[in-house]
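Peer 1: Below is the file model.cif, with mmCIF, C-alpha atoms.
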```
data_my_file
#
loop_
_atom_site.label_atom_id
_atom_site.label_comp_id
_atom_site.auth_asym_id
_atom_site.auth_seq_id
_atom_site.Cartn_x
_atom_site.Cartn_y
_atom_site.Cartn_z
CA MET X 1 6.41 71.00 82.11
CA LYS X 2 5.22 70.66 78.50
CA LYS X 3 1.59 70.20 79.60
CA GLY X 4 1.78 72.77 82.38
CA VAL X 5 2.29 70.44 85.36
CA MET X 6 5.00 72.02 87.54
CA ARG X 7 5.73 69.80 90.53
CA PRO X 8 4.42 67.53 93.29
CA GLY X 9 2.11 69.68 95.41
CA HIS X 10 0.99 67.57 98.33
CA ILE X 11 0.49 64.01 99.52
CA GLN X 12 -2.23 62.91 101.97
CA LEU X 13 -1.23 59.95 104.15
CA ARG X 14 -3.32 57.89 106.57
CA VAL X 15 -1.86 57.19 110.01
CA LEU X 16 -3.10 55.09 112.93
CA ASP X 17 -2.22 57.62 115.65
CA MET X 18 -1.80 61.32 114.90
CA GLU X 19 0.40 62.28 117.83
CA GLU X 20 2.80 59.39 117.13
CA ALA X 21 2.81 60.36 113.44
CA LEU X 22 3.71 63.95 114.31
CA LYS X 23 6.68 62.76 116.34
CA HIS X 24 7.83 61.10 113.11
CA TYR X 25 7.05 63.69 110.43
CA ARG X 26 7.54 66.86 112.50
CA ASP X 27 10.04 66.02 115.23
CA LEU X 28 12.16 63.36 113.45
CA ILE X 29 11.99 64.23 109.73
CA GLY X 30 11.79 67.89 110.66
CA LEU X 31 8.79 69.05 108.64
CA ILE X 32 7.14 72.24 109.82
CA GLU X 33 3.64 71.81 111.31
CA VAL X 34 1.54 74.39 109.50
CA GLU X 35 -1.95 73.90 110.89
CA ARG X 36 -4.78 71.52 111.75
CA ASP X 37 -8.24 71.56 110.21
CA PRO X 38 -11.65 70.83 111.76
CA GLN X 39 -11.46 67.24 110.42
CA GLY X 40 -8.36 66.73 112.54
CA ARG X 41 -6.01 66.58 109.57
CA VAL X 42 -2.55 68.04 110.14
CA TYR X 43 -0.72 70.02 107.42
CA LEU X 44 3.06 70.10 107.17
CA LYS X 45 5.81 71.27 104.83
CA GLY X 46 9.56 71.23 104.33
CA TRP X 47 11.16 74.53 105.31
CA THR X 48 12.25 75.47 101.75
CA GLU X 49 8.79 75.01 100.27
CA VAL X 50 7.08 78.23 99.23
CA ASP X 51 3.54 76.84 99.13
CA LYS X 52 1.64 76.57 102.40
CA PHE X 53 1.83 72.77 102.82
CA SER X 54 2.98 69.60 101.08
CA VAL X 55 2.06 66.78 103.48
CA VAL X 56 -1.38 66.16 104.99
CA LEU X 57 -1.83 63.50 107.67
CA ARG X 58 -5.22 61.95 108.38
CA GLU X 59 -5.95 59.53 111.22
CA ALA X 60 -7.64 56.33 109.97
CA ASP X 61 -8.02 52.58 110.59
CA GLU X 62 -5.75 51.65 107.71
CA PRO X 63 -2.43 53.35 106.90
CA GLY X 64 -1.46 54.18 103.31
CA MET X 65 -1.86 57.00 100.81
CA ASP X 66 -5.15 58.76 100.08
CA PHE X 67 -3.81 60.70 97.07
CA VAL X 68 -0.90 62.70 95.74
CA SER X 69 -1.44 66.05 94.01
CA TYR X 70 0.49 67.96 91.37
CA LYS X 71 0.49 71.72 90.92
CA VAL X 72 -0.21 73.12 87.44
CA LEU X 73 0.56 76.58 86.04
CA ASP X 74 -2.87 78.21 86.20
CA ASN X 75 -6.64 77.61 86.12
CA GLU X 76 -6.73 77.54 82.33
CA THR X 77 -4.26 74.63 82.39
CA LEU X 78 -6.30 72.96 85.15
CA ASN X 79 -9.49 73.12 83.06
CA LYS X 80 -7.73 71.91 79.91
CA LEU X 81 -6.12 68.97 81.69
CA HIS X 82 -9.43 68.12 83.38
CA GLN X 83 -11.05 67.81 79.94
CA GLU X 84 -8.16 65.70 78.64
CA LEU X 85 -8.35 63.37 81.66
CA ILE X 86 -12.06 62.80 80.98
CA GLU X 87 -11.38 62.14 77.29
CA TYR X 88 -8.60 59.72 78.25
CA GLY X 89 -11.16 57.72 80.25
CA CYS X 90 -10.37 58.70 83.84
CA ASN X 91 -13.14 59.09 86.39
CA THR X 92 -12.69 62.62 87.70
CA GLU X 93 -14.10 64.53 90.64
CA GLU X 94 -13.91 68.24 91.34
CA ILE X 95 -12.92 69.00 94.94
CA PRO X 96 -13.97 72.55 95.86
CA ALA X 97 -11.49 75.23 96.90
CA GLY X 98 -10.94 75.26 100.65
CA GLU X 99 -11.55 71.53 101.21
CA LEU X 100 -7.89 71.59 102.11
CA ASN X 101 -7.19 74.85 103.94
CA GLY X 102 -5.42 77.29 101.67
CA CYS X 103 -5.72 75.16 98.54
CA GLY X 104 -7.76 76.02 95.46
CA ARG X 105 -10.02 73.78 93.41
CA ARG X 106 -8.58 70.30 92.83
CA ILE X 107 -9.34 67.77 90.11
CA ARG X 108 -9.10 64.24 91.48
CA PHE X 109 -8.77 61.30 89.08
CA ASP X 110 -8.26 57.55 89.22
CA SER X 111 -5.62 55.56 87.38
CA PRO X 112 -4.96 52.06 85.97
CA THR X 113 -2.79 51.15 89.01
CA GLY X 114 -5.65 52.00 91.38
CA HIS X 115 -4.06 55.13 92.87
CA MET X 116 -5.88 58.43 93.25
CA PHE X 117 -4.16 61.55 91.93
CA GLU X 118 -5.04 65.23 91.83
CA ILE X 119 -4.06 68.40 90.02
CA PHE X 120 -4.62 71.93 91.28
CA ALA X 121 -3.55 75.43 90.23
CA GLU X 122 -3.72 77.58 93.35
CA LYS X 123 -2.41 77.29 96.87
CA GLU X 124 -1.66 79.99 99.41
CA GLN X 125 2.03 80.87 99.27
CA THR X 126 3.35 81.50 102.74
CA GLY X 127 7.00 81.51 101.62
CA LYS X 128 9.96 79.55 102.89
CA TRP X 129 9.72 78.92 106.60
CA GLY X 130 11.88 81.11 108.78
CA VAL X 131 13.70 83.00 106.03
CA SER X 132 12.73 86.13 104.16
CA ASN X 133 12.27 86.26 100.40
CA VAL X 134 14.37 89.46 100.37
CA ASN X 135 18.04 89.14 101.26
CA PRO X 136 17.41 85.65 102.64
CA GLU X 137 19.73 84.04 105.16
CA ALA X 138 21.13 80.57 104.34
CA TRP X 139 18.80 78.61 106.59
CA PRO X 140 16.45 79.21 109.50
CA ARG X 141 17.31 78.47 113.13
CA GLY X 142 15.01 76.15 115.05
CA LEU X 143 14.69 73.29 112.56
CA LYS X 144 14.12 69.86 114.11
CA GLY X 145 15.50 66.37 113.51
CA MET X 146 16.60 65.60 109.96
CA LYS X 147 15.71 69.15 108.80
CA ALA X 148 14.10 67.85 105.59
CA THR X 149 13.93 70.57 102.96
CA ARG X 150 10.96 69.45 100.86
CA PHE X 151 8.53 66.66 99.97
CA ASP X 152 10.25 65.35 96.83
CA HIS X 153 8.38 62.37 95.35
CA CYS X 154 6.58 59.13 96.14
CA LEU X 155 6.94 55.55 94.90
CA LEU X 156 3.70 53.67 94.24
CA TYR X 157 3.14 49.95 93.65
CA GLY X 158 0.27 48.57 91.60
CA ASN X 159 -0.76 46.42 88.69
CA ASN X 160 -0.68 47.83 85.14
CA ILE X 161 2.00 50.47 85.66
CA ALA X 162 2.13 50.65 81.85
CA GLY X 163 -1.33 52.22 81.98
CA THR X 164 -0.56 54.78 84.67
CA ILE X 165 2.79 55.69 83.08
CA ASP X 166 1.00 56.24 79.76
CA LEU X 167 -1.50 58.52 81.50
CA PHE X 168 1.27 60.54 83.17
CA GLN X 169 3.22 60.87 79.92
CA LYS X 170 0.38 61.63 77.49
CA ILE X 171 -1.94 63.74 79.61
CA LEU X 172 0.24 65.26 82.32
CA GLY X 173 3.45 65.64 80.27
CA PHE X 174 5.81 63.67 82.51
CA ASP X 175 8.93 62.14 80.92
CA LEU X 176 10.23 58.65 81.56
CA ALA X 177 13.65 59.32 83.13
CA GLU X 178 14.61 55.81 84.25
CA GLN X 179 13.16 52.33 83.90
CA VAL X 180 13.74 48.67 84.73
CA LEU X 181 13.07 46.18 81.92
CA ASP X 182 12.74 42.43 82.39
CA ASP X 183 14.13 39.76 80.05
CA GLU X 184 11.14 40.10 77.71
CA GLY X 185 11.50 43.87 77.61
CA THR X 186 8.48 44.48 79.85
CA ARG X 187 8.82 47.56 82.01
CA ILE X 188 8.54 46.57 85.68
CA ALA X 189 9.54 49.98 87.07
CA GLY X 190 9.25 53.52 85.74
CA PHE X 191 10.66 56.74 87.22
CA LEU X 192 8.95 59.82 85.84
CA SER X 193 10.04 63.45 85.87
CA VAL X 194 8.14 66.65 85.14
CA SER X 195 11.17 68.79 85.98
CA MET X 196 14.96 68.38 86.01
CA LYS X 197 14.71 65.99 88.98
CA ALA X 198 15.51 62.29 88.48
CA HIS X 199 11.97 61.52 89.58
CA ASP X 200 8.80 63.35 90.56
CA VAL X 201 6.91 60.07 90.88
CA ALA X 202 7.84 56.40 90.46
CA PHE X 203 5.89 53.19 89.81
CA ILE X 204 6.75 49.53 90.34
CA GLU X 205 4.66 46.65 88.99
CA HIS X 206 2.94 44.68 91.75
CA PRO X 207 -0.09 42.33 91.74
CA GLU X 208 -2.13 44.34 94.25
CA PRO X 209 -3.50 47.71 93.09
CA GLY X 210 -3.22 51.05 94.86
CA LYS X 211 -0.32 50.33 97.20
CA PHE X 212 2.02 52.90 98.74
CA HIS X 213 5.76 52.24 99.01
CA HIS X 214 7.24 55.48 100.33
CA ALA X 215 7.14 59.25 100.55
CA SER X 216 10.52 60.87 100.06
CA PHE X 217 11.99 64.03 101.53
CA PHE X 218 15.04 65.85 100.24
CA LEU X 219 18.23 66.52 102.22
CA ASN X 220 21.19 68.48 100.92
CA THR X 221 24.21 66.30 101.62
CA TRP X 222 25.44 62.77 102.35
CA GLU X 223 26.46 64.05 105.79
CA ASP X 224 22.78 64.93 106.35
CA VAL X 225 21.78 61.36 105.37
CA LEU X 226 24.28 59.91 107.88
CA ARG X 227 22.99 62.30 110.53
CA ALA X 228 19.44 61.09 109.71
CA ALA X 229 20.67 57.51 110.25
CA ASP X 230 22.08 58.54 113.65
CA LEU X 231 18.71 60.01 114.63
CA ILE X 232 16.93 56.81 113.52
CA SER X 233 19.14 54.82 115.92
CA MET X 234 18.91 57.39 118.74
CA GLU X 235 15.11 57.34 118.56
CA ASP X 236 14.91 53.55 118.01
CA VAL X 237 12.90 54.10 114.81
CA SER X 238 11.99 51.11 112.61
CA LEU X 239 14.74 50.97 109.98
CA ASP X 240 14.20 49.46 106.54
CA ILE X 241 17.59 49.83 104.83
CA GLY X 242 20.50 52.20 104.51
CA PRO X 243 22.32 54.47 104.46
CA THR X 244 23.21 53.35 100.94
CA ARG X 245 23.07 54.45 97.32
CA HIS X 246 20.58 53.51 94.63
CA GLY X 247 21.72 52.46 91.17
CA LEU X 248 18.45 53.87 89.83
CA THR X 249 18.79 57.69 89.99
CA HIS X 250 22.07 57.25 91.98
CA GLY X 251 20.52 58.98 94.98
CA LYS X 252 22.08 58.50 98.43
CA THR X 253 19.39 57.33 100.74
CA ILE X 254 17.99 55.80 103.90
CA TYR X 255 14.56 54.16 104.35
CA PHE X 256 12.62 53.85 107.59
CA PHE X 257 9.01 53.46 108.72
CA ASP X 258 6.59 55.84 110.39
CA PRO X 259 4.82 54.51 113.53
CA SER X 260 1.90 53.31 111.38
CA GLY X 261 4.11 51.37 108.97
CA ASN X 262 4.19 53.86 106.09
CA ARG X 263 7.71 53.92 104.65
CA SER X 264 9.67 57.19 104.56
CA GLU X 265 12.84 58.04 102.65
CA VAL X 266 15.30 60.87 103.08
CA PHE X 267 17.87 61.23 100.32
CA CYS X 268 20.32 63.58 98.65
CA GLU X 269 21.90 64.18 95.27
CA GLY X 270 21.31 61.87 92.29
CA ASP X 271 20.96 62.28 88.56
CA TYR X 272 19.10 64.97 86.60
CA HIS X 273 16.83 64.70 83.61
CA TYR X 274 16.06 66.91 80.59
CA PRO X 275 13.09 66.23 78.28
CA ASP X 276 15.35 65.29 75.34
CA HIS X 277 17.23 62.63 77.34
CA GLU X 278 16.63 58.97 76.52
CA PRO X 279 15.44 57.01 79.57
CA VAL X 280 18.20 55.35 81.59
CA THR X 281 17.58 51.58 81.62
CA TRP X 282 18.40 48.96 84.25
CA THR X 283 17.80 45.28 83.51
CA THR X 284 16.30 42.77 85.94
CA GLU X 285 19.59 40.84 85.81
CA GLU X 286 21.10 43.79 87.68
CA LEU X 287 18.02 44.59 89.76
CA GLY X 288 19.88 44.12 93.05
CA LYS X 289 22.45 46.72 92.03
CA ALA X 290 19.74 48.96 90.55
CA ILE X 291 18.00 49.21 93.89
CA PHE X 292 20.89 48.85 96.36
CA TYR X 293 24.06 49.82 94.54
CA HIS X 294 26.45 48.67 97.30
CA ASP X 295 24.83 45.45 98.60
CA ARG X 296 23.84 44.48 95.04
CA VAL X 297 21.22 42.20 96.61
CA LEU X 298 17.54 42.89 97.01
CA ASN X 299 15.85 42.44 100.32
CA ASP X 300 12.33 41.05 100.31
CA ARG X 301 11.11 43.69 102.70
CA PHE X 302 11.84 46.52 100.28
CA LEU X 303 9.81 44.82 97.56
CA THR X 304 6.88 43.47 99.51
CA VAL X 305 6.25 45.57 102.61
CA LEU X 306 3.68 48.16 101.58
CA THR X 307 0.75 50.07 103.02
CA MET W 1 18.96 52.53 134.53
CA ASN W 2 19.07 49.66 137.03
CA GLN W 3 15.41 48.98 136.62
CA ILE W 4 14.76 45.28 136.22
CA THR W 5 12.15 44.50 133.62
CA THR W 6 10.35 41.20 133.66
CA LYS W 7 11.01 39.07 130.62
CA PHE W 8 8.21 36.79 129.60
CA GLN W 9 8.71 33.48 127.88
CA ILE W 10 7.15 33.41 124.41
CA GLN W 11 6.75 29.92 122.97
CA VAL W 12 6.21 29.61 119.24
CA ILE W 13 4.53 26.25 119.51
CA ASN W 14 4.20 25.36 115.84
CA GLN W 15 7.91 26.00 115.27
CA ASP W 16 9.27 24.50 118.50
CA GLN W 17 11.03 27.79 119.28
CA GLU W 18 10.95 30.27 122.12
CA PHE W 19 12.25 33.70 122.96
CA PHE W 20 12.04 36.12 125.85
CA CYS W 21 10.38 39.51 125.64
CA SER W 22 9.81 42.31 128.15
CA SER W 23 6.47 44.08 128.49
CA ASP W 24 7.87 47.31 127.01
CA ASN W 25 8.83 45.61 123.74
CA SER W 26 6.45 44.35 121.11
CA LEU W 27 6.64 40.61 120.49
CA LEU W 28 8.25 41.33 117.13
CA VAL W 29 10.99 43.56 118.52
CA GLY W 30 11.52 41.06 121.36
CA MET W 31 11.98 38.33 118.78
CA GLU W 32 14.42 40.46 116.78
CA ARG W 33 16.45 41.28 119.91
CA PHE W 34 16.63 37.55 120.64
CA ASN W 35 18.11 37.03 117.16
CA SER W 36 15.30 34.68 116.33
CA GLY W 37 13.77 34.47 112.86
CA CYS W 38 10.51 32.80 113.73
CA ILE W 39 8.26 35.74 112.74
CA ASP W 40 8.55 37.67 109.46
CA VAL W 41 9.55 41.30 110.00
CA GLY W 42 7.87 44.06 107.99
CA CYS W 43 7.20 47.69 108.92
CA ARG W 44 7.02 47.14 112.71
CA GLY W 45 4.16 49.68 112.84
CA GLY W 46 0.94 47.71 112.37
CA GLY W 47 0.61 48.72 108.72
CA CYS W 48 1.87 46.02 106.39
CA GLY W 49 0.48 42.80 107.92
CA VAL W 50 3.65 40.73 107.45
CA CYS W 51 4.08 39.71 111.11
CA LYS W 52 0.63 38.17 111.57
CA ILE W 53 0.51 35.56 114.40
CA LYS W 54 -2.11 33.67 116.41
CA VAL W 55 -2.12 33.96 120.18
CA ILE W 56 -2.97 30.57 121.73
CA GLU W 57 -2.43 31.45 125.38
CA GLY W 58 -1.33 34.41 127.48
CA GLU W 59 -2.14 38.02 128.32
CA PHE W 60 -1.06 41.03 126.29
CA THR W 61 -1.79 44.68 125.62
CA SER W 62 -2.07 45.97 122.08
CA LYS W 63 -1.89 49.06 119.90
CA ARG W 64 -3.98 49.89 116.84
CA MET W 65 -3.45 47.63 113.80
CA SER W 66 -4.38 48.20 110.16
CA LYS W 67 -7.98 47.11 109.45
CA ALA W 68 -6.74 46.00 106.04
CA HIS W 69 -4.91 43.13 107.73
CA ILE W 70 -6.65 42.48 111.06
CA SER W 71 -10.46 42.46 111.19
CA GLU W 72 -12.67 42.35 114.28
CA GLU W 73 -13.13 38.62 113.62
CA ASP W 74 -9.38 38.10 113.52
CA LEU W 75 -9.02 39.85 116.87
CA GLU W 76 -11.69 37.60 118.43
CA GLN W 77 -9.71 34.57 117.24
CA GLY W 78 -6.46 35.93 118.65
CA ILE W 79 -5.01 36.76 115.23
CA VAL W 80 -2.89 39.87 115.68
CA LEU W 81 0.23 41.61 114.39
CA ALA W 82 3.29 40.77 116.50
CA CYS W 83 4.59 44.33 116.15
CA ARG W 84 1.56 45.77 117.96
CA ILE W 85 1.19 43.49 120.99
CA PHE W 86 3.14 43.64 124.23
CA PRO W 87 3.27 40.63 126.58
CA ALA W 88 1.73 40.81 130.06
CA SER W 89 2.41 37.15 130.89
CA ASP W 90 4.20 34.16 129.39
CA MET W 91 2.61 33.41 126.03
CA LYS W 92 2.10 30.65 123.52
CA ILE W 93 1.75 31.73 119.90
CA GLU W 94 1.71 30.29 116.39
CA ALA W 95 3.60 32.02 113.61
CA GLU W 96 3.54 31.03 109.96
CA LEU W 97 6.62 32.14 108.07
CA THR W 98 5.13 33.32 104.81
CA GLN W 99 7.12 32.83 101.68
CA LEU W 100 7.34 36.46 100.71
CA PRO W 101 6.90 36.77 96.96
CA ARG W 102 10.30 37.13 95.36
CA VAL W 103 11.32 38.65 92.07
CA ALA W 104 13.99 38.38 89.47
CA ASN W 105 17.12 37.46 91.42
CA ASP W 106 15.88 34.06 92.57
#
```
Go through the file and emit its structure as structure tokens.
Peer 2:
Amino acid sequence: MKKGVMRPGHIQLRVLDMEEALKHYRDLIGLIEVERDPQGRVYLKGWTEVDKFSVVLREADEPGMDFVSYKVLDNETLNKLHQELIEYGCNTEEIPAGELNGCGRRIRFDSPTGHMFEIFAEKEQTGKWGVSNVNPEAWPRGLKGMKATRFDHCLLYGNNIAGTIDLFQKILGFDLAEQVLDDEGTRIAGFLSVSMKAHDVAFIEHPEPGKFHHASFFLNTWEDVLRAADLISMEDVSLDIGPTRHGLTHGKTIYFFDPSGNRSEVFCEGDYHYPDHEPVTWTTEELGKAIFYHDRVLNDRFLTVLT
Amino acid sequence: MNQITTKFQIQVINQDQEFFCSSDNSLLVGMERFNSGCIDVGCRGGGCGVCKIKVIEGEFTSKRMSKAHISEEDLEQGIVLACRIFPASDMKIEAELTQLPRVAND
């Protein structure tokens, strides 16, 4: 928060077939469908999210991530960070208010890993779905599938994560919460937080730039993760791995794929981070345990299957 | 649930292996259900490109595949993703098991 970036705001994902994708994100994960725009993009959100939307799906020939956006405190912060991004050497583009329905002006910028990011200050606040902001009930009736509560973070693969992590730390004020170091002390994974969460975004070193590993949605309990696993079997959804626990962040998790091959995660619990905490370090010797705490063995698919 | 589905014979000619797959399963899922390991398994959704194969003979229907991995030229040559094609006859295919890049624990 020290530079005025508050939280992940939204992620735009490309899918091969919109109706199949909606069965995944809306009916299985349980996001709320908010609206569709004239371009055919569909906007969704987790039921606890106050802002209007957090996931945008776009039909395209090639699955993957278009961009992920972070919300900043106000327009003054947005302008200041825009200037700092330019001075840092990023190519930036101003996306006018309303290009995404209900969202204010966005500043899009590139990064050393080849991913596109955005910051924005204003988005329509429609409130939590199905519960009032005054004397709110515990949860709304009518939630579907896994009943995901919010879009939490994404994990991105690319070359030169050192560069993108530096950009996120220096310009956007993220802290390094956890990392994986190899034998030479080179950082091959970095988990960054701009809040108390164990991660708001994560990066893993990979030869190909601009790759997407997963978008993650938050559940409240381990029982919810097991119930998600049941739904994955009931619906014959492509499973990656889990339910299990990560060593990194200690989250309890399951990974699966959307019908276009983009990986999804639902998870619960895990560590917390304060800005004065030293990063937690895992070594490559224990990489199996760092990623899958119970199996203690990596699977190739988790490391190499990307969109 | 007594419906009988036709199972087609899928020969993986360059590996001297075969499996059987019904028309309502993709070749990749058919292979997995047969407990065979002759095609690499990735996302199963046409996105990651891991299960690339070449169709030598046989009819099939297909779903959309990522342009990043399968071009128009590939399609003309019968190069497809096994997770996105469904057999409509017995088939002969070639599948190269790629050595997925490994890290650290090797």
Peer 1: Around (-1.8, 51.4, 85.4), as given in the file, which residues come within 9 Å? Count only C-alpha atoms and list them as a ChimeraX atom specification.
Peer 2: /X:111-115,158-167,205,209
Peer 1: Nearest to chain X: which of W:Asn25, W:Gln77, W:Gln11, W:Gln17 is it, counting all atoms listed in the file?
Peer 2: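 Smallest distance to chain X is found for W:Asn25.
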Peer 1: With 6 Å as the limit and counting all atoms listed in the file, what residues in chain W lie close to chain X? Please list them as a PyMOL selection string.
Peer 2: chain W and resi 42-43+45-48+66-68
Peer 1: Using all atoms listed in the file, which protein or nucleic acid residues come within 8 Å of Leu27 of chain W? Drop anything in the same chain fewer than 3 positions from it, and give the result as a list in words.
Peer 2: Cys21, Gly30, Met31, Ala82, Cys83, Arg84, Ile85, Phe86 and Pro87 of chain W
Peer 1: For this structure, which residues satisfy the selection - the PyMOL selection byres ((chain X and resi 116-132) around 7) - when it is evaluated on the file as given? I want them as a PyMOL selection string.
Peer 2: chain X and resi 47-52+66-75+78+102-111+114-115+133-137+139-140
Peer 1: For each of X:Leu81, X:Glu19, X:Arg58, X:Pro8, take the minimum atom-to-atom distance to Leu192 of chain X, counting all atoms listed in the file, then give the residue where this is smallest.
Peer 2: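 Closest candidate: X:Pro8.
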Peer 1: For atom CA of Asp40 of chain W and atom CA of Ile70 of chain W, determine how far apart the two atoms are, in Å to one decimal place.
Peer 2: 16.0 Å
Peer 1: Would you pick out the contacts of Met18 of chain X at 6 Å or less, using only C-alpha atoms, so that residues sharing its chain but fewer than 2 positions from it are not included, and give the list as a ChimeraX atom specification?
Peer 2: /X:20-21,59
Peer 1: Can I get the selected residues back with C-alpha atoms, as a tab-separated table (two decimals), in the frame of the given file?
Peer 2:
```
chain	number	residue	atom	x	y	z
X	20	GLU	CA	2.80	59.39	117.13
X	21	ALA	CA	2.81	60.36	113.44
X	59	GLU	CA	-5.95	59.53	111.22
```
Peer 1: Let me make sure I understand: among X:Ala189, X:Ile171, X:Met196, X:Val201, which one has the smallest atom-to-atom distance to His82 of chain X if we use all atoms listed in the file?
Peer 2: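 Using all atoms listed in the file, His82 of chain X sits closest to X:Ile171.
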Peer 1: Translate the PyMOL selection byres ((chain W and resi 33-37) around 12), as applied to the file shown, into an explicit residue set as a VMD selection string.
Peer 2: chain W and resid 7 9 to 12 15 17 to 22 25 to 32 38 to 41 51 95 to 98
Peer 1: Atom CA of Asn14 of chain W and atom CA of Glu208 of chain X are how many Å apart?
Peer 2: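 Separation of atom CA of Asn14 of chain W and atom CA of Glu208 of chain X: 29.4 Å.
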Peer 1: Do you know which residues are at most 7 Å from Ala215 of chain X counting all atoms listed in the file, after dropping those on the same chain fewer than 6 positions away, and could you put them as a ChimeraX atom specification?
Peer 2: /X:153-155,263-265
Peer 1: Excluding Leu143 of chain X and any residue of its chain fewer than 6 positions from it, enumerate the residues within 9 Å of it, using all atoms listed in the file, and give them as a compact mmCIF listing (two decimals) with C-alpha atoms, keeping the file's coordinate frame.
Peer 2:
```
# COMPACT_ATOMS: atom_id res chain seq x y z
CA GLY X 30 11.79 67.89 110.66
CA LEU X 31 8.79 69.05 108.64
CA ILE X 32 7.14 72.24 109.82
CA TRP X 47 11.16 74.53 105.31
```
Peer 1: Do you know which residues are at most 6 Å from Ile29 of chain X counting all atoms listed in the file, after dropping those on the same chain fewer than 2 positions away, and could you put them as a short mmCIF file (atom, residue, chain, number, x, y, z; two decimals) with C-alpha atoms, in the frame of the given file?
Peer 2:
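Dumped to part_32.cif:
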```cif
data_model
loop_
_atom_site.label_atom_id
_atom_site.label_comp_id
_atom_site.auth_asym_id
_atom_site.auth_seq_id
_atom_site.Cartn_x
_atom_site.Cartn_y
_atom_site.Cartn_z
CA TYR X 25 7.05 63.69 110.43
CA ARG X 26 7.54 66.86 112.50
CA LEU X 31 8.79 69.05 108.64
CA GLY X 145 15.50 66.37 113.51
CA MET X 146 16.60 65.60 109.96
CA ALA X 148 14.10 67.85 105.59
#
```
Peer 1: Could you tell me which residues the PyMOL selection byres ((chain X and resi 44) around 8) returns for this structure, as JSON, numbers by chain?
Peer 2: {"X": [26, 31, 32, 33, 34, 35, 42, 43, 45, 46, 53, 54, 55, 56]}
Peer 1: Those same residues - C-alpha atoms - I'd like them written as a PDB file, in the frame of the given file.
Peer 2:
```pdb
ATOM      1  CA  ARG X  26       7.540  66.860 112.500  1.00  0.00           C
ATOM      2  CA  LEU X  31       8.790  69.050 108.640  1.00  0.00           C
ATOM      3  CA  ILE X  32       7.140  72.240 109.820  1.00  0.00           C
ATOM      4  CA  GLU X  33       3.640  71.810 111.310  1.00  0.00           C
ATOM      5  CA  VAL X  34       1.540  74.390 109.500  1.00  0.00           C
ATOM      6  CA  GLU X  35      -1.950  73.900 110.890  1.00  0.00           C
ATOM      7  CA  VAL X  42      -2.550  68.040 110.140  1.00  0.00           C
ATOM      8  CA  TYR X  43      -0.720  70.020 107.420  1.00  0.00           C
ATOM      9  CA  LYS X  45       5.810  71.270 104.830  1.00  0.00           C
ATOM     10  CA  GLY X  46       9.560  71.230 104.330  1.00  0.00           C
ATOM     11  CA  PHE X  53       1.830  72.770 102.820  1.00  0.00           C
ATOM     12  CA  SER X  54       2.980  69.600 101.080  1.00  0.00           C
ATOM     13  CA  VAL X  55       2.060  66.780 103.480  1.00  0.00           C
ATOM     14  CA  VAL X  56      -1.380  66.160 104.990  1.00  0.00           C
TER      15      VAL X  56
END
```
Peer 1: What's the separation between atom CA of Leu28 of chain X and atom CA of Ile232 of chain X, in Å to one decimal place?
Peer 2: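 Going from atom CA of Leu28 of chain X over to atom CA of Ile232 of chain X covers 8.1 Å.
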Peer 1: Closest to Arg7 of chain X among X:Glu76, X:Asp175, X:Asp200, X:Glu269, using only C-alpha atoms?
Peer 2: X:Asp200
Peer 1: If I wrap all listed atoms of segment 92-95 of chain W in a box with edges along x, y and z and add 5 Å on each side, what are its centre and edge lengths in Å to one decimal, as JSON?
Peer 2:
```
{"center_x": 2.7, "center_y": 31.2, "center_z": 118.6, "size_x": 11.9, "size_y": 11.7, "size_z": 19.9}
```
Peer 1: Calculated over only C-alpha atoms, which of the candidates X:His206, X:His214, X:Lys289, X:Lys170 has the smallest distance to Lys2 of chain X?
Peer 2: X:Lys170
Peer 1: Counting all atoms listed in the file, which of X:Met6, X:Leu85, X:Met234, X:Val266 gets nearest to Trp222 of chain X?
Peer 2: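 Checking each candidate against Trp222 of chain X, we get X:Val266 as the closest.
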Peer 1: Using the incomplete input, complete segment 203-209 of chain X to the level of N, CA and C atoms; output as a PDB file, in the coordinates of the input.
Peer 2:
```pdb
ATOM      1  N   PHE X 203       6.845  54.303  89.761  1.00  0.00           N
ATOM      2  CA  PHE X 203       5.890  53.190  89.810  1.00  0.00           C
ATOM      3  C   PHE X 203       6.638  51.867  89.682  1.00  0.00           C
ATOM      4  N   ILE X 204       6.225  50.881  90.470  1.00  0.00           N
ATOM      5  CA  ILE X 204       6.750  49.530  90.340  1.00  0.00           C
ATOM      6  C   ILE X 204       5.585  48.553  90.215  1.00  0.00           C
ATOM      7  N   GLU X 205       5.728  47.620  89.257  1.00  0.00           N
ATOM      8  CA  GLU X 205       4.660  46.650  88.990  1.00  0.00           C
ATOM      9  C   GLU X 205       4.500  45.708  90.175  1.00  0.00           C
ATOM     10  N   HIS X 206       3.240  45.463  90.554  1.00  0.00           N
ATOM     11  CA  HIS X 206       2.940  44.680  91.750  1.00  0.00           C
ATOM     12  C   HIS X 206       1.520  44.146  91.583  1.00  0.00           C
ATOM     13  N   PRO X 207       1.246  42.901  92.026  1.00  0.00           N
ATOM     14  CA  PRO X 207      -0.090  42.330  91.740  1.00  0.00           C
ATOM     15  C   PRO X 207      -1.254  43.067  92.389  1.00  0.00           C
ATOM     16  N   GLU X 208      -1.023  43.706  93.528  1.00  0.00           N
ATOM     17  CA  GLU X 208      -2.130  44.340  94.250  1.00  0.00           C
ATOM     18  C   GLU X 208      -2.206  45.822  93.857  1.00  0.00           C
ATOM     19  N   PRO X 209      -3.406  46.314  93.506  1.00  0.00           N
ATOM     20  CA  PRO X 209      -3.500  47.710  93.090  1.00  0.00           C
ATOM     21  C   PRO X 209      -3.432  48.696  94.249  1.00  0.00           C
TER      22      PRO X 209
END
```
